[in-house]
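**Q** Contents of data-v5.cif (mmCIF, all heavy atoms) are given next:
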```cif
data_entry
loop_
_atom_site.label_atom_id
_atom_site.label_comp_id
_atom_site.auth_asym_id
_atom_site.auth_seq_id
_atom_site.Cartn_x
_atom_site.Cartn_y
_atom_site.Cartn_z
N MET C 1 -47.32 239.87 125.73
CA MET C 1 -47.81 238.71 126.44
C MET C 1 -47.93 237.56 125.45
O MET C 1 -48.30 237.74 124.31
CB MET C 1 -49.19 239.00 127.03
CG MET C 1 -49.76 237.82 127.78
SD MET C 1 -51.37 238.17 128.49
CE MET C 1 -52.41 237.56 127.19
N GLY C 2 -47.62 236.39 125.88
CA GLY C 2 -47.76 235.20 125.05
C GLY C 2 -48.34 234.07 125.85
O GLY C 2 -48.60 234.20 127.04
N PHE C 3 -48.54 232.99 125.18
CA PHE C 3 -49.06 231.80 125.84
C PHE C 3 -47.95 230.77 125.93
O PHE C 3 -47.20 230.58 125.00
CB PHE C 3 -50.24 231.21 125.05
CG PHE C 3 -51.47 232.06 125.13
CD1 PHE C 3 -51.75 232.99 124.17
CD2 PHE C 3 -52.33 231.93 126.21
CE1 PHE C 3 -52.88 233.77 124.25
CE2 PHE C 3 -53.45 232.71 126.30
CZ PHE C 3 -53.73 233.63 125.31
N THR C 4 -47.87 230.14 127.06
CA THR C 4 -46.92 229.05 127.24
C THR C 4 -47.60 227.76 126.83
O THR C 4 -48.74 227.51 127.20
CB THR C 4 -46.49 228.96 128.73
OG1 THR C 4 -45.92 230.21 129.10
CG2 THR C 4 -45.49 227.84 128.92
N ASN C 5 -46.89 226.98 126.04
CA ASN C 5 -47.47 225.71 125.60
C ASN C 5 -47.32 224.67 126.69
O ASN C 5 -46.23 224.33 127.09
CB ASN C 5 -46.76 225.21 124.34
CG ASN C 5 -47.06 226.09 123.16
OD1 ASN C 5 -48.12 226.67 123.08
ND2 ASN C 5 -46.13 226.19 122.25
N VAL C 6 -48.43 224.21 127.16
CA VAL C 6 -48.47 223.15 128.16
C VAL C 6 -49.60 222.23 127.76
O VAL C 6 -50.72 222.66 127.55
CB VAL C 6 -48.73 223.71 129.58
CG1 VAL C 6 -48.84 222.58 130.57
CG2 VAL C 6 -47.64 224.68 129.97
N TRP C 7 -49.29 220.97 127.65
CA TRP C 7 -50.31 219.99 127.29
C TRP C 7 -50.69 219.20 128.52
O TRP C 7 -49.83 218.71 129.25
CB TRP C 7 -49.78 219.03 126.22
CG TRP C 7 -49.63 219.69 124.90
CD1 TRP C 7 -48.53 220.34 124.42
CD2 TRP C 7 -50.62 219.80 123.89
NE1 TRP C 7 -48.78 220.84 123.18
CE2 TRP C 7 -50.05 220.50 122.81
CE3 TRP C 7 -51.92 219.34 123.77
CZ2 TRP C 7 -50.75 220.78 121.66
CZ3 TRP C 7 -52.61 219.61 122.60
CH2 TRP C 7 -52.02 220.32 121.56
N SER C 8 -51.96 219.10 128.73
CA SER C 8 -52.44 218.24 129.81
C SER C 8 -53.86 217.82 129.46
O SER C 8 -54.54 218.45 128.66
CB SER C 8 -52.43 218.96 131.16
OG SER C 8 -53.45 219.93 131.19
N ILE C 9 -54.26 216.74 130.05
CA ILE C 9 -55.62 216.27 129.88
C ILE C 9 -56.32 216.47 131.20
O ILE C 9 -55.87 215.96 132.23
CB ILE C 9 -55.65 214.80 129.46
CG1 ILE C 9 -54.95 214.63 128.12
CG2 ILE C 9 -57.09 214.29 129.40
CD1 ILE C 9 -54.75 213.21 127.69
N SER C 10 -57.37 217.23 131.16
CA SER C 10 -58.11 217.47 132.39
C SER C 10 -59.58 217.65 132.05
O SER C 10 -59.93 217.94 130.91
CB SER C 10 -57.58 218.69 133.14
OG SER C 10 -57.70 219.83 132.33
N SER C 11 -60.38 217.48 133.02
CA SER C 11 -61.82 217.61 132.82
C SER C 11 -62.32 218.80 133.61
O SER C 11 -61.99 218.97 134.78
CB SER C 11 -62.50 216.33 133.31
OG SER C 11 -63.88 216.49 133.26
N HIS C 12 -63.08 219.65 132.94
CA HIS C 12 -63.67 220.80 133.61
C HIS C 12 -65.16 220.80 133.33
O HIS C 12 -65.57 220.61 132.19
CB HIS C 12 -63.07 222.11 133.10
CG HIS C 12 -61.60 222.22 133.33
ND1 HIS C 12 -61.05 222.29 134.58
CD2 HIS C 12 -60.57 222.25 132.46
CE1 HIS C 12 -59.74 222.38 134.47
NE2 HIS C 12 -59.43 222.35 133.20
N PRO C 13 -65.95 221.06 134.34
CA PRO C 13 -67.40 221.16 134.08
C PRO C 13 -67.68 222.36 133.17
O PRO C 13 -66.92 223.33 133.12
CB PRO C 13 -68.01 221.36 135.46
CG PRO C 13 -66.91 221.44 136.43
CD PRO C 13 -65.61 221.24 135.73
N ASP C 14 -68.79 222.29 132.47
CA ASP C 14 -69.17 223.39 131.57
C ASP C 14 -69.22 224.72 132.29
O ASP C 14 -68.89 225.76 131.71
CB ASP C 14 -70.52 223.11 130.93
CG ASP C 14 -70.45 221.99 129.90
OD1 ASP C 14 -69.34 221.64 129.47
OD2 ASP C 14 -71.52 221.48 129.53
N SER C 15 -69.59 224.72 133.55
CA SER C 15 -69.68 225.99 134.30
C SER C 15 -68.32 226.66 134.42
O SER C 15 -68.23 227.89 134.36
CB SER C 15 -70.28 225.75 135.68
OG SER C 15 -69.47 224.86 136.43
N VAL C 16 -67.26 225.89 134.56
CA VAL C 16 -65.91 226.46 134.64
C VAL C 16 -65.51 227.06 133.29
O VAL C 16 -64.98 228.17 133.22
CB VAL C 16 -64.88 225.40 135.09
CG1 VAL C 16 -63.46 225.92 134.98
CG2 VAL C 16 -65.19 224.95 136.51
N ILE C 17 -65.78 226.34 132.21
CA ILE C 17 -65.46 226.84 130.88
C ILE C 17 -66.24 228.12 130.61
O ILE C 17 -65.70 229.09 130.08
CB ILE C 17 -65.78 225.77 129.81
CG1 ILE C 17 -64.98 224.48 130.08
CG2 ILE C 17 -65.54 226.30 128.41
CD1 ILE C 17 -63.49 224.66 130.15
N GLN C 18 -67.50 228.15 130.97
CA GLN C 18 -68.31 229.35 130.77
C GLN C 18 -67.76 230.52 131.57
O GLN C 18 -67.80 231.67 131.11
CB GLN C 18 -69.76 229.09 131.17
CG GLN C 18 -70.49 228.20 130.20
CD GLN C 18 -71.88 227.82 130.69
OE1 GLN C 18 -72.17 227.84 131.88
NE2 GLN C 18 -72.74 227.46 129.75
N GLU C 19 -67.22 230.25 132.74
CA GLU C 19 -66.67 231.33 133.56
C GLU C 19 -65.37 231.87 132.96
O GLU C 19 -65.10 233.07 133.02
CB GLU C 19 -66.41 230.81 134.98
CG GLU C 19 -65.93 231.87 135.94
CD GLU C 19 -65.71 231.33 137.34
OE1 GLU C 19 -66.46 230.42 137.76
OE2 GLU C 19 -64.79 231.82 138.01
N LEU C 20 -64.56 231.00 132.38
CA LEU C 20 -63.27 231.42 131.82
C LEU C 20 -63.40 232.04 130.43
O LEU C 20 -62.57 232.86 130.04
CB LEU C 20 -62.32 230.23 131.74
CG LEU C 20 -61.86 229.65 133.07
CD1 LEU C 20 -61.05 228.39 132.83
CD2 LEU C 20 -61.05 230.67 133.85
N ALA C 21 -64.39 231.65 129.67
CA ALA C 21 -64.52 232.08 128.28
C ALA C 21 -64.46 233.59 128.08
O ALA C 21 -63.75 234.05 127.18
CB ALA C 21 -65.79 231.50 127.67
N PRO C 22 -65.14 234.41 128.87
CA PRO C 22 -65.09 235.86 128.62
C PRO C 22 -63.68 236.44 128.76
O PRO C 22 -63.36 237.44 128.12
CB PRO C 22 -66.02 236.46 129.69
CG PRO C 22 -66.93 235.34 130.08
CD PRO C 22 -66.12 234.09 129.92
N ARG C 23 -62.84 235.82 129.56
CA ARG C 23 -61.47 236.32 129.73
C ARG C 23 -60.51 235.72 128.72
O ARG C 23 -59.61 236.40 128.23
CB ARG C 23 -60.97 236.05 131.14
CG ARG C 23 -61.71 236.88 132.19
CD ARG C 23 -61.26 236.53 133.55
NE ARG C 23 -61.86 235.23 133.88
CZ ARG C 23 -62.01 234.75 135.09
NH1 ARG C 23 -61.58 235.44 136.10
NH2 ARG C 23 -62.57 233.59 135.29
N LEU C 24 -60.66 234.44 128.43
CA LEU C 24 -59.71 233.78 127.54
C LEU C 24 -59.99 234.00 126.06
O LEU C 24 -59.06 234.08 125.26
CB LEU C 24 -59.68 232.28 127.83
CG LEU C 24 -59.08 231.90 129.17
CD1 LEU C 24 -59.13 230.39 129.35
CD2 LEU C 24 -57.65 232.39 129.28
N THR C 25 -61.25 234.10 125.67
CA THR C 25 -61.58 234.24 124.25
C THR C 25 -60.92 235.46 123.61
O THR C 25 -60.29 235.33 122.55
CB THR C 25 -63.10 234.24 124.05
OG1 THR C 25 -63.62 233.02 124.57
CG2 THR C 25 -63.47 234.37 122.60
N PRO C 26 -61.01 236.65 124.20
CA PRO C 26 -60.33 237.80 123.58
C PRO C 26 -58.81 237.63 123.50
O PRO C 26 -58.18 238.02 122.51
CB PRO C 26 -60.69 238.98 124.48
CG PRO C 26 -61.91 238.56 125.21
CD PRO C 26 -61.80 237.07 125.36
N ALA C 27 -58.22 237.04 124.51
CA ALA C 27 -56.76 236.84 124.50
C ALA C 27 -56.36 235.83 123.43
O ALA C 27 -55.37 236.03 122.71
CB ALA C 27 -56.28 236.36 125.87
N LEU C 28 -57.11 234.75 123.31
CA LEU C 28 -56.81 233.75 122.28
C LEU C 28 -57.00 234.34 120.89
O LEU C 28 -56.20 234.09 119.99
CB LEU C 28 -57.70 232.53 122.47
CG LEU C 28 -57.39 231.67 123.70
CD1 LEU C 28 -58.51 230.67 123.93
CD2 LEU C 28 -56.07 230.97 123.53
N GLU C 29 -58.05 235.11 120.70
CA GLU C 29 -58.30 235.73 119.39
C GLU C 29 -57.20 236.72 119.04
O GLU C 29 -56.74 236.78 117.89
CB GLU C 29 -59.66 236.42 119.39
CG GLU C 29 -60.09 236.88 118.03
CD GLU C 29 -60.21 235.75 117.01
OE1 GLU C 29 -60.65 234.64 117.37
OE2 GLU C 29 -59.86 235.99 115.84
N ALA C 30 -56.74 237.50 120.00
CA ALA C 30 -55.66 238.46 119.75
C ALA C 30 -54.38 237.73 119.36
O ALA C 30 -53.67 238.16 118.45
CB ALA C 30 -55.42 239.32 120.99
N ASP C 31 -54.09 236.63 120.02
CA ASP C 31 -52.89 235.86 119.67
C ASP C 31 -53.05 235.21 118.31
O ASP C 31 -52.13 235.17 117.52
CB ASP C 31 -52.60 234.81 120.74
CG ASP C 31 -51.23 234.18 120.56
OD1 ASP C 31 -50.24 234.93 120.60
OD2 ASP C 31 -51.16 232.95 120.36
N ARG C 32 -54.24 234.72 118.01
CA ARG C 32 -54.49 234.03 116.74
C ARG C 32 -54.31 234.97 115.55
O ARG C 32 -53.87 234.55 114.48
CB ARG C 32 -55.90 233.47 116.75
CG ARG C 32 -56.22 232.57 115.60
CD ARG C 32 -57.60 231.98 115.71
NE ARG C 32 -57.71 231.19 116.92
CZ ARG C 32 -58.80 231.11 117.67
NH1 ARG C 32 -59.88 231.75 117.34
NH2 ARG C 32 -58.82 230.37 118.75
N THR C 33 -54.65 236.25 115.71
CA THR C 33 -54.55 237.20 114.60
C THR C 33 -53.18 237.88 114.54
O THR C 33 -52.93 238.64 113.61
CB THR C 33 -55.66 238.26 114.70
OG1 THR C 33 -55.54 238.94 115.95
CG2 THR C 33 -57.03 237.63 114.60
N ASN C 34 -52.32 237.61 115.48
CA ASN C 34 -50.98 238.19 115.51
C ASN C 34 -50.12 237.53 114.43
O ASN C 34 -50.03 236.31 114.39
CB ASN C 34 -50.38 237.98 116.90
CG ASN C 34 -49.01 238.59 117.03
OD1 ASN C 34 -48.12 238.31 116.25
ND2 ASN C 34 -48.84 239.40 118.04
N PRO C 35 -49.45 238.30 113.56
CA PRO C 35 -48.63 237.70 112.51
C PRO C 35 -47.54 236.76 113.04
O PRO C 35 -47.28 235.72 112.45
CB PRO C 35 -48.01 238.90 111.79
CG PRO C 35 -48.96 240.03 112.05
CD PRO C 35 -49.51 239.76 113.43
N ALA C 36 -46.94 237.10 114.15
CA ALA C 36 -45.90 236.23 114.72
C ALA C 36 -46.52 234.91 115.18
O ALA C 36 -45.91 233.84 115.03
CB ALA C 36 -45.19 236.92 115.89
N ALA C 37 -47.72 234.97 115.72
CA ALA C 37 -48.40 233.74 116.15
C ALA C 37 -48.73 232.88 114.94
O ALA C 37 -48.61 231.65 115.00
CB ALA C 37 -49.67 234.07 116.93
N ARG C 38 -49.13 233.51 113.84
CA ARG C 38 -49.41 232.74 112.62
C ARG C 38 -48.15 232.02 112.13
O ARG C 38 -48.22 230.87 111.71
CB ARG C 38 -49.91 233.67 111.52
CG ARG C 38 -51.34 234.05 111.70
CD ARG C 38 -51.87 234.70 110.42
NE ARG C 38 -53.02 235.50 110.77
CZ ARG C 38 -53.24 236.72 110.34
NH1 ARG C 38 -52.42 237.29 109.52
NH2 ARG C 38 -54.31 237.37 110.72
N ARG C 39 -47.00 232.70 112.19
CA ARG C 39 -45.74 232.07 111.77
C ARG C 39 -45.39 230.90 112.68
O ARG C 39 -44.96 229.84 112.22
CB ARG C 39 -44.61 233.10 111.74
CG ARG C 39 -44.70 234.05 110.56
CD ARG C 39 -43.44 234.89 110.41
NE ARG C 39 -43.21 235.77 111.56
CZ ARG C 39 -43.74 236.98 111.69
NH1 ARG C 39 -44.52 237.47 110.75
NH2 ARG C 39 -43.48 237.72 112.74
N ARG C 40 -45.58 231.08 113.99
CA ARG C 40 -45.30 229.98 114.93
C ARG C 40 -46.22 228.80 114.66
O ARG C 40 -45.77 227.65 114.68
CB ARG C 40 -45.47 230.46 116.37
CG ARG C 40 -44.41 231.43 116.85
CD ARG C 40 -44.49 231.66 118.35
NE ARG C 40 -45.81 232.08 118.80
CZ ARG C 40 -46.21 233.34 118.92
NH1 ARG C 40 -45.39 234.33 118.61
NH2 ARG C 40 -47.42 233.63 119.37
N TRP C 41 -47.48 229.07 114.40
CA TRP C 41 -48.44 228.00 114.12
C TRP C 41 -48.04 227.27 112.85
O TRP C 41 -48.06 226.05 112.79
CB TRP C 41 -49.83 228.61 114.00
CG TRP C 41 -50.91 227.61 113.70
CD1 TRP C 41 -51.65 227.56 112.58
CD2 TRP C 41 -51.36 226.54 114.54
NE1 TRP C 41 -52.55 226.53 112.65
CE2 TRP C 41 -52.39 225.88 113.84
CE3 TRP C 41 -51.00 226.09 115.79
CZ2 TRP C 41 -53.06 224.78 114.36
CZ3 TRP C 41 -51.68 224.99 116.31
CH2 TRP C 41 -52.69 224.36 115.60
N GLN C 42 -47.67 228.00 111.79
CA GLN C 42 -47.24 227.39 110.54
C GLN C 42 -46.01 226.53 110.76
O GLN C 42 -45.92 225.42 110.23
CB GLN C 42 -46.92 228.48 109.53
CG GLN C 42 -47.67 228.58 108.24
CD GLN C 42 -48.67 227.53 107.90
OE1 GLN C 42 -49.77 227.49 108.42
NE2 GLN C 42 -48.36 226.69 106.98
N ALA C 43 -45.05 227.03 111.53
CA ALA C 43 -43.83 226.26 111.81
C ALA C 43 -44.17 224.98 112.56
O ALA C 43 -43.61 223.92 112.29
CB ALA C 43 -42.84 227.12 112.61
N TRP C 44 -45.09 225.07 113.50
CA TRP C 44 -45.49 223.89 114.26
C TRP C 44 -46.15 222.88 113.35
O TRP C 44 -45.87 221.69 113.41
CB TRP C 44 -46.42 224.31 115.40
CG TRP C 44 -46.82 223.17 116.28
CD1 TRP C 44 -46.10 222.65 117.31
CD2 TRP C 44 -48.03 222.40 116.20
NE1 TRP C 44 -46.80 221.60 117.87
CE2 TRP C 44 -47.97 221.43 117.21
CE3 TRP C 44 -49.14 222.46 115.37
CZ2 TRP C 44 -48.99 220.50 117.41
CZ3 TRP C 44 -50.14 221.54 115.56
CH2 TRP C 44 -50.06 220.58 116.58
N LEU C 45 -47.06 223.33 112.47
CA LEU C 45 -47.72 222.43 111.54
C LEU C 45 -46.73 221.73 110.62
O LEU C 45 -46.84 220.54 110.35
CB LEU C 45 -48.76 223.18 110.71
CG LEU C 45 -50.01 223.64 111.44
CD1 LEU C 45 -50.88 224.48 110.51
CD2 LEU C 45 -50.79 222.46 111.99
N CYS C 46 -45.73 222.48 110.15
CA CYS C 46 -44.71 221.89 109.29
C CYS C 46 -43.89 220.85 110.04
O CYS C 46 -43.58 219.77 109.52
CB CYS C 46 -43.79 222.96 108.73
SG CYS C 46 -44.60 224.02 107.51
N ALA C 47 -43.54 221.15 111.28
CA ALA C 47 -42.77 220.20 112.09
C ALA C 47 -43.57 218.93 112.35
O ALA C 47 -43.03 217.82 112.27
CB ALA C 47 -42.36 220.85 113.42
N VAL C 48 -44.85 219.07 112.62
CA VAL C 48 -45.70 217.91 112.84
C VAL C 48 -45.79 217.08 111.58
O VAL C 48 -45.68 215.86 111.60
CB VAL C 48 -47.10 218.34 113.33
CG1 VAL C 48 -48.07 217.17 113.30
CG2 VAL C 48 -47.01 218.93 114.74
N ALA C 49 -45.95 217.74 110.44
CA ALA C 49 -46.07 217.04 109.16
C ALA C 49 -44.80 216.24 108.86
O ALA C 49 -44.87 215.13 108.35
CB ALA C 49 -46.35 218.02 108.04
N LEU C 50 -43.65 216.77 109.22
CA LEU C 50 -42.38 216.05 109.00
C LEU C 50 -42.32 214.78 109.83
O LEU C 50 -41.79 213.76 109.38
CB LEU C 50 -41.19 216.94 109.32
CG LEU C 50 -40.91 218.07 108.34
CD1 LEU C 50 -39.80 218.96 108.88
CD2 LEU C 50 -40.53 217.51 106.97
N HIS C 51 -42.84 214.82 111.03
CA HIS C 51 -42.79 213.66 111.91
C HIS C 51 -43.86 212.63 111.58
O HIS C 51 -43.70 211.46 111.88
CB HIS C 51 -42.91 214.09 113.37
CG HIS C 51 -41.73 214.85 113.85
ND1 HIS C 51 -40.50 214.26 114.02
CD2 HIS C 51 -41.57 216.16 114.15
CE1 HIS C 51 -39.64 215.17 114.42
NE2 HIS C 51 -40.26 216.34 114.51
N VAL C 52 -44.95 213.07 110.98
CA VAL C 52 -46.05 212.15 110.68
C VAL C 52 -45.76 211.37 109.41
O VAL C 52 -46.06 210.19 109.32
CB VAL C 52 -47.38 212.94 110.54
CG1 VAL C 52 -48.49 212.05 110.00
CG2 VAL C 52 -47.77 213.53 111.88
N HIS C 53 -45.14 212.02 108.44
CA HIS C 53 -44.93 211.36 107.15
C HIS C 53 -43.63 210.67 107.10
O HIS C 53 -42.70 210.54 107.22
CB HIS C 53 -45.03 212.38 106.01
CG HIS C 53 -46.37 213.03 105.99
ND1 HIS C 53 -47.50 212.39 105.54
CD2 HIS C 53 -46.79 214.25 106.36
CE1 HIS C 53 -48.53 213.18 105.62
NE2 HIS C 53 -48.13 214.33 106.13
#
```
Show me this structure written as structure tokens.

**A**
Amino acid sequence: MGFTNVWSISSHPDSVIQELAPRLTPALEADRTNPAARRRWQAWLCAVALHVH
């Protein structure tokens, strides 16, 4: 399972975030500690740095 990158700006009340947190936090943490996810994050950071400088 992976996460699809989608950017949007939206507003959610704190109650919605509190309701989603127990389900999303473990999934986000699992992806964050995955070596492949770390490589993707590093590649993204490098790509951003190239465009900023």

**Q** Kindly give the distance, in Å, that separates atom CG of Glu19 of chain C and atom C of Asp31 of chain C, rounded to a single decimal.

**A** 22.1 Å

**Q** Can you tell me how far atom CG of Trp44 of chain C sits from atom CD2 of Leu20 of chain C, in Å to one decimal?

**A**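 Interatomic distance, atom CG of Trp44 of chain C to atom CD2 of Leu20 of chain C: 23.8 Å.
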
**Q** Do you have the atom CA of Arg32 of chain C-atom CA of Cys46 of chain C distance handy?

**A**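 Value for the atom CA of Arg32 of chain C-atom CA of Cys46 of chain C distance: 17.3 Å.
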